[in-house]
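Trainee: Just upload_34.txt, nothing more (compact mmCIF, C-alpha atoms):
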```txt
# COMPACT_ATOMS: atom_id res chain seq x y z
CA MET A 1 63.32 225.51 -57.63
CA PRO A 2 64.52 228.87 -56.12
CA PRO A 3 65.61 228.87 -52.50
CA LYS A 4 62.93 229.71 -49.98
CA ARG A 5 63.18 233.10 -48.34
CA SER A 6 62.10 233.64 -44.81
CA LYS A 7 59.57 236.36 -44.13
CA ASN A 8 62.24 238.37 -42.32
CA THR A 9 64.52 238.33 -45.37
CA ALA A 10 61.71 239.56 -47.61
CA VAL A 11 60.98 242.40 -45.21
CA LYS A 12 64.63 243.39 -45.02
CA LEU A 13 64.92 243.41 -48.79
CA ALA A 14 61.82 245.58 -49.12
CA MET A 15 63.02 248.19 -46.61
CA PRO A 16 65.14 251.08 -47.86
CA ALA A 17 68.80 250.91 -46.89
CA SER A 18 69.40 252.92 -43.74
CA ARG A 19 72.12 253.04 -41.15
CA HIS A 20 69.61 254.25 -38.61
CA GLY A 21 66.97 251.56 -38.68
CA THR A 22 67.20 250.16 -35.16
CA LYS A 23 64.64 250.61 -32.42
CA ALA A 24 67.08 252.92 -30.64
CA ASP A 25 67.06 255.27 -33.65
CA THR A 26 63.51 256.48 -33.14
CA THR A 27 61.57 259.26 -31.48
CA GLU A 28 59.74 256.56 -29.53
CA ALA A 29 63.04 255.41 -28.02
CA VAL A 30 63.86 258.98 -26.97
CA ASP A 31 60.34 259.42 -25.55
CA ALA A 32 60.76 256.25 -23.48
CA PHE A 33 64.23 257.32 -22.33
CA MET A 34 62.99 260.76 -21.31
CA ALA A 35 60.00 259.29 -19.46
CA THR A 36 62.35 257.42 -17.13
CA LEU A 37 65.15 259.98 -16.95
CA VAL A 38 65.90 261.34 -13.49
CA HIS A 39 68.16 264.35 -13.96
CA ALA A 40 68.37 267.74 -12.26
CA CYS A 41 68.38 269.44 -15.67
CA LYS A 42 65.60 267.42 -17.31
CA PRO A 43 63.67 270.59 -18.32
CA VAL A 44 66.82 271.88 -20.09
CA ILE A 45 67.27 268.53 -21.85
CA GLU A 46 63.65 268.64 -23.03
CA ALA A 47 64.09 272.23 -24.26
CA LEU A 48 67.33 271.24 -26.06
CA ARG A 49 65.53 268.36 -27.73
CA ARG A 50 62.73 270.62 -29.00
CA CYS A 51 65.21 273.24 -30.20
CA ILE A 52 67.40 270.79 -32.09
CA LEU A 53 64.45 269.12 -33.81
CA GLU A 54 63.02 272.51 -34.83
CA VAL A 55 66.26 273.61 -36.55
CA ASP A 56 65.69 271.49 -39.65
CA PRO A 57 63.00 268.98 -40.69
CA ALA A 58 65.75 266.56 -41.81
CA ILE A 59 66.91 266.07 -38.21
CA GLY A 60 65.96 262.79 -36.59
CA GLU A 61 66.66 261.49 -33.11
CA GLY A 62 67.55 258.33 -31.30
CA ILE A 63 69.37 256.97 -28.31
CA LYS A 64 73.09 256.73 -29.00
CA TRP A 65 75.80 256.46 -26.35
CA ASN A 66 73.01 256.09 -23.76
CA ALA A 67 71.70 259.62 -24.33
CA PRO A 68 69.32 261.46 -26.67
CA SER A 69 71.24 262.04 -29.89
CA PHE A 70 70.43 263.75 -33.17
CA ARG A 71 71.22 263.02 -36.80
CA THR A 72 70.69 263.93 -40.39
CA HIS A 73 72.40 261.18 -42.41
CA GLU A 74 74.96 260.85 -39.57
CA TYR A 75 74.67 261.50 -35.86
CA PHE A 76 76.00 264.99 -35.13
CA ALA A 77 74.83 265.91 -31.61
CA THR A 78 74.58 264.00 -28.34
CA THR A 79 73.33 265.32 -25.03
CA HIS A 80 76.03 265.11 -22.40
CA LEU A 81 74.14 264.09 -19.28
CA ARG A 82 77.18 263.66 -17.04
CA GLU A 83 78.23 267.30 -16.91
CA LYS A 84 79.23 268.28 -13.38
CA GLU A 85 76.96 271.32 -13.58
CA GLY A 86 74.10 271.77 -16.00
CA VAL A 87 73.93 269.87 -19.25
CA GLY A 88 76.00 269.84 -22.40
CA VAL A 89 75.61 268.99 -26.04
CA ILE A 90 78.53 267.33 -27.79
CA LEU A 91 78.60 268.34 -31.44
CA HIS A 92 80.51 265.94 -33.66
CA LEU A 93 80.85 265.08 -37.32
CA GLY A 94 79.62 261.51 -37.13
CA ALA A 95 80.50 258.45 -35.11
CA LYS A 96 83.77 257.76 -36.94
CA VAL A 97 86.78 260.04 -37.18
CA ARG A 98 87.41 260.98 -40.79
CA SER A 99 90.89 260.47 -42.19
CA SER A 100 91.42 264.10 -43.21
CA GLN A 101 89.53 265.90 -40.50
CA VAL A 102 89.63 269.67 -40.70
CA THR A 103 87.93 271.83 -38.09
CA PRO A 104 84.76 273.16 -39.73
CA GLU A 105 84.42 276.91 -40.07
CA ILE A 106 81.55 277.81 -37.75
CA ALA A 107 80.70 281.42 -36.95
CA ASP A 108 80.30 281.58 -33.17
CA PRO A 109 79.94 285.24 -32.18
CA SER A 110 78.43 284.26 -28.81
CA GLY A 111 81.40 282.03 -27.95
CA LEU A 112 79.28 278.98 -27.16
CA LEU A 113 81.57 276.37 -28.70
CA ARG A 114 84.42 274.83 -26.74
CA TRP A 115 86.45 272.73 -29.18
CA LEU A 116 87.48 269.32 -27.88
CA ALA A 117 89.12 268.11 -31.11
CA PRO A 118 89.04 269.11 -34.80
CA ASP A 119 85.77 267.17 -35.21
CA ARG A 120 84.11 267.78 -31.80
CA ALA A 121 82.94 270.65 -29.68
CA VAL A 122 80.76 271.03 -26.61
CA VAL A 123 78.14 273.62 -25.75
CA ARG A 124 77.15 273.85 -22.08
CA PHE A 125 74.08 275.25 -20.40
CA ALA A 126 73.91 275.83 -16.64
CA ASP A 127 70.12 275.85 -16.32
CA GLU A 128 66.85 276.76 -18.08
CA ALA A 129 67.51 280.51 -17.93
CA ASP A 130 70.99 280.04 -19.41
CA PHE A 131 69.59 277.94 -22.25
CA ALA A 132 66.74 280.40 -22.90
CA GLY A 133 69.26 283.22 -23.25
CA LYS A 134 71.45 281.25 -25.65
CA ARG A 135 68.75 279.37 -27.57
CA GLU A 136 68.88 281.41 -30.79
CA ALA A 137 72.68 281.45 -30.91
CA PHE A 138 72.67 277.67 -30.34
CA ALA A 139 70.13 277.14 -33.13
CA ASP A 140 72.32 279.23 -35.46
CA LEU A 141 75.33 277.04 -34.59
CA LEU A 142 73.35 273.90 -35.33
CA ARG A 143 72.26 275.19 -38.76
CA GLN A 144 75.91 275.71 -39.62
CA TRP A 145 77.06 272.45 -38.05
CA ILE A 146 74.74 270.20 -40.03
CA ASP A 147 76.17 271.60 -43.25
CA HIS A 148 79.47 269.90 -42.31
CA VAL A 149 78.06 266.49 -41.33
```
Just give me the structure as structure tokens.

Mentor:
Amino acid sequence: MPPKRSKNTAVKLAMPASRHGTKADTTEAVDAFMATLVHACKPVIEALRRCILEVDPAIGEGIKWNAPSFRTHEYFATTHLREKEGVGVILHLGAKVRSSQVTPEIADPSGLLRWLAPDRAVVRFADEADFAGKREAFADLLRQWIDHV
């Protein structure tokens, strides 16, 4: 007689393999986080969220590192809510450092990127007006960035 499988095991076997299958890796989790967020730059964070999700239909979102974060097959952007002024977005090439990390070639004519390491950069926005003025350049950076993730 074959071993009995619990209902949970059957469900897990039927689900497609995904690294991002937790409750924190959902739009609902980000909605809940944003509903309770008290932050001076909340309107900027909401605008960033909309912008990032509009860049490519393959982009998903979740809560990673206690902040709204964005992914394709790997997380590549995390809102930096602890900036001293304004809000930032940390762009990275996944959660783990790759063994042969080379700084990706990203055209940045507006000078938005501040490189923190070969695999990480930050983009900062002081307020809503600052973000509005840089929105298109930021979206262009994101389109390039996700090609390297």

Trainee: Sorted by chain and rising residue number, list the residues of region 25-77 of chain A at most 12 Å from region 101-124 of chain A (counting all atoms listed in the file), each with its closest atom pair and distance in Å to one decimal, as a Markdown table.

Mentor:
```
| residue | atom | partner | partner_atom | distance |
| --- | --- | --- | --- | --- |
| A:Cys41 | CA | A:Arg124 | CA | 11.7 |
| A:Val44 | CA | A:Arg124 | CA | 10.7 |
| A:Ile45 | CA | A:Arg124 | CA | 11.2 |
| A:Leu48 | CA | A:Arg124 | CA | 10.9 |
| A:Phe76 | CA | A:Arg120 | CA | 9.2 |
| A:Ala77 | CA | A:Val122 | CA | 9.3 |
```

Trainee: Just checking: using only C-alpha atoms, which residue out of A:Leu91, A:His148, A:Ala24, A:Phe70 ends up closest to Pro57 (chain A)?

Mentor: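 Nearest candidate to Pro57 (chain A) out of A:Leu91, A:His148, A:Ala24, A:Phe70: A:Phe70.
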
Trainee: By how many Å are CA of Tyr75 (chain A) and CA of Phe125 (chain A) apart?

Mentor: 20.7 Å

Trainee: How many Å lie between CA of His80 (chain A) and CA of Ala126 (chain A), rounded to one decimal?

Mentor: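 Computed distance, CA of His80 (chain A) to CA of Ala126 (chain A), equals 12.4 Å.
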
Trainee: Could you name the residues that touch region 50-56 of chain A at 12 Å or less, counting all atoms listed in the file, but leaving out those on the same chain fewer than 2 positions away, as number ranges by chain?

Mentor: A: 27, 30-31, 43-48, 58-62, 68-72, 76-79, 89, 91, 131-132, 134-147
